[in-house]
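Asker: The structure under discussion is supplied below as structure tokens; questions concerning it will follow.
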Amino acid sequence: METKLSQSLEDYLEMIHMLRMEGKVARVKDIADALSVKMPSVAKAIAELKKLGLVTQEPYAGVELTKEGEVMAASILNRHILLKSFLTRLGVSEEVADKDACCMEHILSAETLSKIESFMKPVRPAPKRRKR
């Protein structure tokens, strides 16, 4: 059964994933800076994510995603990328599309996301008929 996270916890998980993808250590301070929140807020979120088995953290070390955490974080990031691409295709500016995608990624249903994903797939031209 998939764990349902709050928007806030999804944001923390996504940011840890993004920092790790950039080759950085996901330290509490770095997460706080990236999300423009205070370090105690990050510490509280990390504790909650640990309870859910999504992250691990050794004392004085960076936060690591568990296998399940990695899967969830990648899914959250992929939703964000899909929605941002959709919005920019509609003509929304990059900056606004990024902010709106961040809000939308947490509330849209799986059905809506699936339809947007189908819509965003490139249309393949019909095969050309051979002349006889």
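Just remember, in the structure tokens the first chain shown is A, the second B, etc., residues are 1-based per chain, and ligands are 1-based in the order shown.
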Would you list, as JSON, numbers by chain, the residues of chain A that end up in alpha helix (DSSP H) under DSSP run on this structure's backbone?
Answerer: {"A": [7, 8, 9, 10, 11, 12, 13, 14, 15, 16, 17, 18, 19, 20, 21, 28, 29, 30, 31, 32, 33, 34, 35, 39, 40, 41, 42, 43, 44, 45, 46, 47, 48, 49, 50, 51, 67, 68, 69, 70, 71, 72, 73, 74, 75, 76, 77, 78, 79, 80, 81, 82, 83, 84, 85, 86, 87, 88, 89, 94, 95, 96, 97, 98, 99, 100, 101, 102, 103, 104, 110, 111, 112, 113, 114, 115, 116, 117, 118, 119, 120]}
Asker: Apply DSSP to the structure's backbone, then extract all residues of range 48-80 of chain A labelled strand (DSSP E or B) and return them as number ranges by chain.
Answerer: A: 55-57, 63-65
Asker: In Å, how far is it from CA of Met120 in chain A to CA of Asn78 in chain A?
Answerer: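 Interatomic distance here is 13.1 Å.
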Asker: To one decimal place in Å, what is the distance between CA of Asp98 in chain A and CA of Pro40 in chain A?
Answerer: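 Going from CA of Asp98 in chain A over to CA of Pro40 in chain A, I get 26.0 Å.
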Asker: Looking at A:Lys67, A:Lys44, A:Lys51, A:Arg89, which one is nearest to Phe119 in chain A, with distances taken over only C-alpha atoms?
Answerer: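 Checking each of A:Lys67, A:Lys44, A:Lys51, A:Arg89 against Phe119 in chain A, counting only C-alpha atoms, the winner is A:Arg89.
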Asker: From the options A:Ala45, A:Val28, A:Leu65, A:Ala110, which residue's atoms come nearest to Arg79 in chain A, counting only C-alpha atoms?
Answerer: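 Of A:Ala45, A:Val28, A:Leu65, A:Ala110, the one nearest Arg79 in chain A is A:Ala110, counting only C-alpha atoms.
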Asker: Which is closer to Gln57 in chain A than all the others in A:Cys103, A:Ala32, A:Leu113, A:Ala26, using only C-alpha atoms?
Answerer: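 Residue with the minimum atom-to-atom distance to Gln57 in chain A: A:Ala26.
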Asker: Would you list the contacts of Lys99 in chain A as a list in words, taking every protein, DNA or RNA residue within 12 Å and counting only C-alpha atoms, but skipping same-chain residues closer than 5 positions in sequence?
Answerer: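 What passes the distance filter is His80, Ile81, Leu83, Lys84, Leu87, Thr88, Val92, Ser93, Glu94, Met104 and Glu105 of chain A.
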Asker: Please produce an output containing C-alpha atoms for each residue in the selection, written as a CSV table (one decimal), in the first residue's frame.
Answerer:
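Full text of result_2.csv as output:
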chain,number,residue,atom,x,y,z
A,80,HIS,CA,6.4,18.2,-11.3
A,81,ILE,CA,8.3,18.0,-14.6
A,83,LEU,CA,3.0,19.6,-15.1
A,84,LYS,CA,5.6,22.3,-15.7
A,87,LEU,CA,1.9,24.6,-18.5
A,88,THR,CA,4.8,26.0,-20.6
A,92,VAL,CA,2.8,30.0,-19.2
A,93,SER,CA,6.2,31.5,-18.3
A,94,GLU,CA,8.9,29.2,-16.9
A,104,MET,CA,-0.7,21.2,-8.8
A,105,GLU,CA,1.5,18.1,-8.3
Asker: Give me, please, the distance in Å between CA of Lys29 in chain A and CA of Ser85 in chain A, quoted to one decimal.
Answerer: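 Taking CA of Lys29 in chain A and CA of Ser85 in chain A, their separation equals 29.7 Å.
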Asker: Compare A:Leu82, A:Asp100, A:Leu90, A:Leu52 by their minimum atom-to-atom distance to Ser118 in chain A, counting only C-alpha atoms, and give me the closest one.
Answerer: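 Of all the options, A:Leu82 lies closest to Ser118 in chain A.
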Asker: Can you tell me which residues surround Gln7 in chain A at a distance of at most 12 Å, considering only C-alpha atoms, apart from same-chain residues fewer than 2 positions away, and format the answer as an MDAnalysis selection string?
Answerer: chainID A and resid 4:5 9:14 45 76 102:108
Asker: Which polymer residues have any atom within 10 Å of an atom of His17 in chain A, counting only C-alpha atoms, with same-chain residues fewer than 6 positions away left out, as JSON, numbers by chain?
Answerer: {"A": [11, 23, 24, 26, 63, 64, 65, 69, 70, 71, 72, 73, 74, 76, 77]}
Asker: Pull N, CA, C and O atoms from the residues just selected and write them as a CSV table (one decimal), in the first residue's frame.
Answerer:
chain,number,residue,atom,x,y,z
A,11,ASP,N,7.3,17.8,-0.6
A,11,ASP,CA,8.3,18.8,-0.9
A,11,ASP,C,9.6,18.5,-0.4
A,11,ASP,O,10.7,18.6,-1.0
A,23,GLY,N,24.4,15.6,-7.0
A,23,GLY,CA,25.6,15.2,-6.4
A,23,GLY,C,26.0,15.8,-5.1
A,23,GLY,O,27.1,15.7,-4.6
A,24,LYS,N,25.0,16.5,-4.5
A,24,LYS,CA,25.2,17.1,-3.2
A,24,LYS,C,24.8,16.2,-2.1
A,24,LYS,O,24.0,15.4,-2.2
A,26,ALA,N,22.6,15.9,1.1
A,26,ALA,CA,21.3,16.6,1.5
A,26,ALA,C,21.4,16.8,3.0
A,26,ALA,O,20.9,16.0,3.8
A,63,VAL,N,21.1,13.4,4.7
A,63,VAL,CA,19.9,12.6,4.6
A,63,VAL,C,19.9,11.7,3.4
A,63,VAL,O,20.3,12.2,2.3
A,64,GLU,N,19.7,10.5,3.5
A,64,GLU,CA,19.6,9.5,2.4
A,64,GLU,C,18.2,9.0,2.2
A,64,GLU,O,17.5,8.8,3.2
A,65,LEU,N,17.8,8.8,1.0
A,65,LEU,CA,16.5,8.2,0.7
A,65,LEU,C,16.7,6.7,0.8
A,65,LEU,O,17.6,6.1,0.3
A,69,GLY,N,11.7,5.5,-0.5
A,69,GLY,CA,11.8,7.0,-0.6
A,69,GLY,C,12.2,7.5,-1.9
A,69,GLY,O,11.7,8.5,-2.5
A,70,GLU,N,13.2,6.8,-2.5
A,70,GLU,CA,13.7,7.1,-3.8
A,70,GLU,C,12.6,7.0,-4.9
A,70,GLU,O,12.4,7.8,-5.7
A,71,VAL,N,11.8,5.9,-4.8
A,71,VAL,CA,10.7,5.7,-5.8
A,71,VAL,C,9.7,6.8,-5.6
A,71,VAL,O,9.2,7.4,-6.6
A,72,MET,N,9.3,7.1,-4.4
A,72,MET,CA,8.3,8.2,-4.2
A,72,MET,C,8.8,9.5,-4.6
A,72,MET,O,8.1,10.3,-5.3
A,73,ALA,N,10.1,9.8,-4.3
A,73,ALA,CA,10.7,11.1,-4.7
A,73,ALA,C,10.7,11.3,-6.2
A,73,ALA,O,10.4,12.4,-6.7
A,74,ALA,N,11.1,10.2,-6.9
A,74,ALA,CA,11.2,10.3,-8.3
A,74,ALA,C,9.8,10.5,-8.9
A,74,ALA,O,9.7,11.2,-9.9
A,76,ILE,N,7.3,12.0,-7.5
A,76,ILE,CA,6.9,13.4,-7.2
A,76,ILE,C,7.6,14.4,-8.2
A,76,ILE,O,7.0,15.2,-8.8
A,77,LEU,N,8.9,14.2,-8.4
A,77,LEU,CA,9.6,15.0,-9.3
A,77,LEU,C,9.1,14.9,-10.8
A,77,LEU,O,9.0,15.8,-11.5
